[in-house]
Every structure is written in C-alpha cells, then in structure tokens.
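What follows is the content of final27.csv, which has CSV, N, CA and C atoms:
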```csv
chain,number,residue,atom,x,y,z
A,1,MET,N,-23.8,33.5,-41.1
A,1,MET,CA,-23.9,34.8,-40.5
A,1,MET,C,-22.6,35.6,-41.1
A,2,ALA,N,-22.9,36.8,-41.4
A,2,ALA,CA,-21.8,37.7,-41.9
A,2,ALA,C,-21.7,38.8,-40.8
A,3,SER,N,-20.5,39.4,-40.6
A,3,SER,CA,-20.3,40.5,-39.7
A,3,SER,C,-19.2,41.4,-40.1
A,4,CYS,N,-19.2,42.5,-39.5
A,4,CYS,CA,-18.0,43.5,-39.8
A,4,CYS,C,-18.0,44.4,-38.6
A,5,LYS,N,-16.8,45.0,-38.4
A,5,LYS,CA,-16.5,45.9,-37.3
A,5,LYS,C,-16.2,47.3,-37.8
A,6,GLU,N,-16.8,48.3,-37.2
A,6,GLU,CA,-16.6,49.6,-37.6
A,6,GLU,C,-15.4,50.3,-36.8
A,7,ALA,N,-14.9,51.4,-37.3
A,7,ALA,CA,-13.8,52.1,-36.6
A,7,ALA,C,-14.2,52.4,-35.2
A,8,ASN,N,-15.4,52.7,-34.9
A,8,ASN,CA,-15.8,53.0,-33.5
A,8,ASN,C,-16.1,51.8,-32.7
A,9,VAL,N,-15.7,50.6,-33.2
A,9,VAL,CA,-15.7,49.3,-32.5
A,9,VAL,C,-17.2,48.7,-32.4
A,10,ASP,N,-18.2,49.3,-33.0
A,10,ASP,CA,-19.5,48.7,-33.1
A,10,ASP,C,-19.4,47.5,-34.1
A,11,THR,N,-20.1,46.4,-33.8
A,11,THR,CA,-20.1,45.3,-34.7
A,11,THR,C,-21.5,45.1,-35.3
A,12,TRP,N,-21.5,44.9,-36.6
A,12,TRP,CA,-22.8,44.7,-37.3
A,12,TRP,C,-22.8,43.2,-37.7
A,13,GLU,N,-23.9,42.6,-37.5
A,13,GLU,CA,-24.1,41.2,-37.8
A,13,GLU,C,-25.3,41.0,-38.8
A,14,ILE,N,-25.2,40.3,-39.8
A,14,ILE,CA,-26.3,39.9,-40.7
A,14,ILE,C,-26.5,38.4,-40.5
A,15,TYR,N,-27.7,38.1,-40.1
A,15,TYR,CA,-28.0,36.7,-39.8
A,15,TYR,C,-29.4,36.2,-40.3
A,16,GLN,N,-29.6,34.9,-40.3
A,16,GLN,CA,-30.9,34.4,-40.7
A,16,GLN,C,-31.7,34.0,-39.5
A,17,SER,N,-33.0,34.5,-39.4
A,17,SER,CA,-33.9,34.1,-38.4
A,17,SER,C,-35.3,34.4,-39.0
A,18,ASN,N,-35.9,33.3,-39.7
A,18,ASN,CA,-37.1,33.5,-40.4
A,18,ASN,C,-36.9,34.6,-41.5
A,19,GLY,N,-35.8,34.6,-42.2
A,19,GLY,CA,-35.5,35.6,-43.1
A,19,GLY,C,-34.1,36.2,-42.7
A,20,TRP,N,-33.7,37.3,-43.4
A,20,TRP,CA,-32.5,37.9,-43.1
A,20,TRP,C,-32.7,39.1,-42.1
A,21,ARG,N,-31.9,39.3,-41.1
A,21,ARG,CA,-32.0,40.4,-40.1
A,21,ARG,C,-30.6,40.9,-39.8
A,22,TRP,N,-30.5,42.1,-39.3
A,22,TRP,CA,-29.3,42.7,-38.8
A,22,TRP,C,-29.4,43.1,-37.4
A,23,ARG,N,-28.2,43.2,-36.7
A,23,ARG,CA,-28.1,43.8,-35.4
A,23,ARG,C,-26.8,44.5,-35.2
A,24,ARG,N,-26.8,45.6,-34.4
A,24,ARG,CA,-25.6,46.4,-34.2
A,24,ARG,C,-25.3,46.2,-32.7
A,25,THR,N,-24.1,45.8,-32.4
A,25,THR,CA,-23.7,45.6,-31.0
A,25,THR,C,-22.5,46.5,-30.6
A,26,ALA,N,-22.7,47.2,-29.5
A,26,ALA,CA,-21.7,48.1,-29.0
A,26,ALA,C,-20.5,47.4,-28.4
A,27,ARG,N,-19.4,48.1,-28.2
A,27,ARG,CA,-18.2,47.5,-27.6
A,27,ARG,C,-18.4,46.7,-26.3
A,28,ASN,N,-19.4,47.2,-25.5
A,28,ASN,CA,-19.6,46.5,-24.2
A,28,ASN,C,-20.6,45.3,-24.3
A,29,GLY,N,-21.0,45.0,-25.6
A,29,GLY,CA,-21.8,43.8,-25.8
A,29,GLY,C,-23.3,44.1,-25.9
A,30,ASP,N,-23.7,45.3,-25.6
A,30,ASP,CA,-25.1,45.7,-25.6
A,30,ASP,C,-25.6,45.8,-27.1
A,31,ILE,N,-26.8,45.3,-27.4
A,31,ILE,CA,-27.3,45.4,-28.7
A,31,ILE,C,-27.9,46.8,-28.7
A,32,VAL,N,-27.5,47.7,-29.7
A,32,VAL,CA,-27.9,49.1,-29.7
A,32,VAL,C,-28.8,49.3,-30.9
A,33,GLY,N,-29.0,48.3,-31.8
A,33,GLY,CA,-29.9,48.5,-32.9
A,33,GLY,C,-30.1,47.1,-33.6
A,34,ALA,N,-31.3,47.0,-34.2
A,34,ALA,CA,-31.7,45.7,-34.8
A,34,ALA,C,-32.8,46.0,-35.8
A,35,SER,N,-32.8,45.1,-36.8
A,35,SER,CA,-33.9,45.3,-37.8
A,35,SER,C,-35.2,45.0,-37.2
A,36,THR,N,-36.3,45.7,-37.6
A,36,THR,CA,-37.6,45.5,-37.1
A,36,THR,C,-38.4,44.4,-37.9
A,37,GLU,N,-37.8,44.0,-39.0
A,37,GLU,CA,-38.5,43.0,-39.8
A,37,GLU,C,-37.4,42.1,-40.4
A,38,ALA,N,-37.9,40.9,-40.9
A,38,ALA,CA,-37.0,40.0,-41.6
A,38,ALA,C,-37.1,40.3,-43.1
A,39,TYR,N,-36.0,40.2,-43.8
A,39,TYR,CA,-36.0,40.4,-45.3
A,39,TYR,C,-35.8,39.1,-46.0
A,40,VAL,N,-36.4,39.0,-47.2
A,40,VAL,CA,-36.3,37.7,-48.0
A,40,VAL,C,-34.9,37.7,-48.6
A,41,ASN,N,-34.4,38.8,-49.0
A,41,ASN,CA,-33.1,38.9,-49.7
A,41,ASN,C,-32.1,39.4,-48.7
A,42,LYS,N,-30.9,38.8,-48.7
A,42,LYS,CA,-29.8,39.3,-47.9
A,42,LYS,C,-29.4,40.7,-48.3
A,43,SER,N,-29.4,41.0,-49.6
A,43,SER,CA,-29.0,42.3,-50.1
A,43,SER,C,-30.0,43.4,-49.6
A,44,ASP,N,-31.2,43.1,-49.5
A,44,ASP,CA,-32.2,44.1,-48.9
A,44,ASP,C,-31.9,44.3,-47.4
A,45,CYS,N,-31.5,43.3,-46.7
A,45,CYS,CA,-31.2,43.5,-45.3
A,45,CYS,C,-30.0,44.3,-45.2
A,46,ILE,N,-28.9,44.1,-46.0
A,46,ILE,CA,-27.7,44.9,-45.9
A,46,ILE,C,-28.0,46.4,-46.3
A,47,ASP,N,-28.9,46.6,-47.3
A,47,ASP,CA,-29.3,47.9,-47.7
A,47,ASP,C,-29.9,48.6,-46.5
A,48,ASN,N,-30.8,47.9,-45.8
A,48,ASN,CA,-31.5,48.6,-44.6
A,48,ASN,C,-30.5,48.9,-43.5
A,49,ALA,N,-29.6,48.0,-43.3
A,49,ALA,CA,-28.5,48.2,-42.3
A,49,ALA,C,-27.7,49.5,-42.6
A,50,ARG,N,-27.4,49.6,-43.9
A,50,ARG,CA,-26.6,50.8,-44.4
A,50,ARG,C,-27.5,52.1,-44.1
A,51,ARG,N,-28.8,52.0,-44.4
A,51,ARG,CA,-29.6,53.2,-44.1
A,51,ARG,C,-29.7,53.5,-42.6
A,52,ASN,N,-29.3,52.5,-41.8
A,52,ASN,CA,-29.3,52.8,-40.4
A,52,ASN,C,-27.9,53.0,-39.8
A,53,GLY,N,-27.0,53.2,-40.7
A,53,GLY,CA,-25.7,53.6,-40.2
A,53,GLY,C,-24.5,52.7,-40.5
A,54,MET,N,-24.7,51.5,-41.0
A,54,MET,CA,-23.6,50.6,-41.2
A,54,MET,C,-22.7,51.1,-42.4
A,55,THR,N,-21.4,51.2,-42.1
A,55,THR,CA,-20.5,51.7,-43.2
A,55,THR,C,-19.5,50.6,-43.6
A,56,CYS,N,-19.4,49.6,-42.8
A,56,CYS,CA,-18.4,48.5,-43.1
A,56,CYS,C,-19.1,47.5,-44.0
A,57,ASN,N,-18.3,46.6,-44.5
A,57,ASN,CA,-18.8,45.5,-45.4
A,57,ASN,C,-18.8,44.2,-44.8
A,58,PRO,N,-20.0,43.6,-44.5
A,58,PRO,CA,-20.1,42.3,-43.8
A,58,PRO,C,-19.5,41.2,-44.7
A,59,VAL,N,-18.8,40.3,-44.1
A,59,VAL,CA,-18.2,39.2,-44.8
A,59,VAL,C,-18.7,37.9,-44.2
```

Translate the structure of the given file into structure tokens.
Amino acid sequence: MASCKEANVDTWEIYQSNGWRWRRTARNGDIVGASTEAYVNKSDCIDNARRNGMTCNPV
C-alpha cells in the first residue's frame, strides 16, 4: 500500500483489492472518497485519484 497526506490533512491510500484502488480519508477517520472500480495498473489508479483531487505523491 502507498499513501500520502495533503496539507488539509486528508490522507490518500493506494492499495490492492482485486486490482488497484484508492481511498481518501478525512482527519476524523471517515472515508470521504474511493475508487468505484479496480485498476489493472497502479499508475492508472493514481491518475484517477489525481482527477478526483489528489495532489500529493503516494509513497
């Protein structure tokens, strides 16, 4: 799993679950966004997360 934290303290996670998926977690621990599909390539998953607002770089 790769993750990064944004300046507004939201955390983005890139993880594997039947393919690559992403989720965005707020400071209070609530999941406030997630991919609606699994991606074959991790890079495609990261691209989709960026289209949905991710500005940090997951490591």

Excluding Arg21 of chain A and its own-chain neighbours fewer than 3 positions away, which residues fall within 7 Å of it when counting only N, CA and C atoms? Please give them as a PDB file with N, CA and C atoms, keeping the file's coordinate frame.
```
ATOM      1  N   GLU A  13     -23.900  42.600 -37.500  1.00  0.00           N
ATOM      2  CA  GLU A  13     -24.100  41.200 -37.800  1.00  0.00           C
ATOM      3  C   GLU A  13     -25.300  41.000 -38.800  1.00  0.00           C
ATOM      4  N   ILE A  14     -25.200  40.300 -39.800  1.00  0.00           N
ATOM      5  CA  ILE A  14     -26.300  39.900 -40.700  1.00  0.00           C
ATOM      6  C   ILE A  14     -26.500  38.400 -40.500  1.00  0.00           C
ATOM      7  N   TYR A  15     -27.700  38.100 -40.100  1.00  0.00           N
ATOM      8  CA  TYR A  15     -28.000  36.700 -39.800  1.00  0.00           C
ATOM      9  C   TYR A  15     -29.400  36.200 -40.300  1.00  0.00           C
ATOM     10  N   GLN A  16     -29.600  34.900 -40.300  1.00  0.00           N
ATOM     11  CA  GLN A  16     -30.900  34.400 -40.700  1.00  0.00           C
ATOM     12  C   GLN A  16     -31.700  34.000 -39.500  1.00  0.00           C
ATOM     13  N   SER A  17     -33.000  34.500 -39.400  1.00  0.00           N
ATOM     14  CA  SER A  17     -33.900  34.100 -38.400  1.00  0.00           C
ATOM     15  C   SER A  17     -35.300  34.400 -39.000  1.00  0.00           C
ATOM     16  N   ASN A  18     -35.900  33.300 -39.700  1.00  0.00           N
ATOM     17  CA  ASN A  18     -37.100  33.500 -40.400  1.00  0.00           C
ATOM     18  C   ASN A  18     -36.900  34.600 -41.500  1.00  0.00           C
ATOM     19  N   ALA A  34     -31.300  47.000 -34.200  1.00  0.00           N
ATOM     20  CA  ALA A  34     -31.700  45.700 -34.800  1.00  0.00           C
ATOM     21  C   ALA A  34     -32.800  46.000 -35.800  1.00  0.00           C
ATOM     22  N   SER A  35     -32.800  45.100 -36.800  1.00  0.00           N
ATOM     23  CA  SER A  35     -33.900  45.300 -37.800  1.00  0.00           C
ATOM     24  C   SER A  35     -35.200  45.000 -37.200  1.00  0.00           C
ATOM     25  N   GLU A  37     -37.800  44.000 -39.000  1.00  0.00           N
ATOM     26  CA  GLU A  37     -38.500  43.000 -39.800  1.00  0.00           C
ATOM     27  C   GLU A  37     -37.400  42.100 -40.400  1.00  0.00           C
ATOM     28  N   ALA A  38     -37.900  40.900 -40.900  1.00  0.00           N
ATOM     29  CA  ALA A  38     -37.000  40.000 -41.600  1.00  0.00           C
ATOM     30  C   ALA A  38     -37.100  40.300 -43.100  1.00  0.00           C
ATOM     31  N   TYR A  39     -36.000  40.200 -43.800  1.00  0.00           N
ATOM     32  CA  TYR A  39     -36.000  40.400 -45.300  1.00  0.00           C
ATOM     33  C   TYR A  39     -35.800  39.100 -46.000  1.00  0.00           C
ATOM     34  N   CYS A  45     -31.500  43.300 -46.700  1.00  0.00           N
ATOM     35  CA  CYS A  45     -31.200  43.500 -45.300  1.00  0.00           C
ATOM     36  C   CYS A  45     -30.000  44.300 -45.200  1.00  0.00           C
TER      37      CYS A  45
END
```

Query - All strand (DSSP E) residues (DSSP, backbone) inside chain A, as an MDAnalysis selection string - result: chainID A and resid 2:5 11:16 20:25 31:34

Query raised in the report: So which residues touch Ile31 of chain A within 10 Å, counting only C-alpha atoms, skipping near sequence neighbours fewer than 4 positions away, as number ranges by chain?
Result: A: 10-12, 23-27

Query - Computed interatomic separation between atom C of Asn57 of chain A and atom CA of Ser3 of chain A (Å) - result: 6.5 Å

Report summary line: The distance between atom CA of Val32 of chain A and atom C of Thr55 of chain A is 16.3 Å

Requested in this report: Using DSSP on the backbone, list every residue of chain A that comes out as helix (DSSP H, G or I), and give them as an MDAnalysis selection string.
Outcome: chainID A and resid 42:51

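From atom C of Ser43 of chain A back to atom CA of Pro58 of chain A, the distance works out to 11.5 Å.
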
Query - Of the listed residues A:Glu6, A:Asn41, A:Met1, A:Gly29, that which approaches Met54 of chain A most closely, counting all atoms listed in the file - result: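 Nearest candidate to Met54 of chain A out of A:Glu6, A:Asn41, A:Met1, A:Gly29: A:Glu6.
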
Please enclose the listed atoms of segment 13-25 of chain A in an axis-aligned box, pad each side by 4 Å, and write out the centre and the three edge lengths in Å, rounded to one decimal, as JSON.
```
{"center_x": -29.8, "center_y": 39.9, "center_z": -37.0, "size_x": 22.6, "size_y": 21.2, "size_z": 20.8}
```
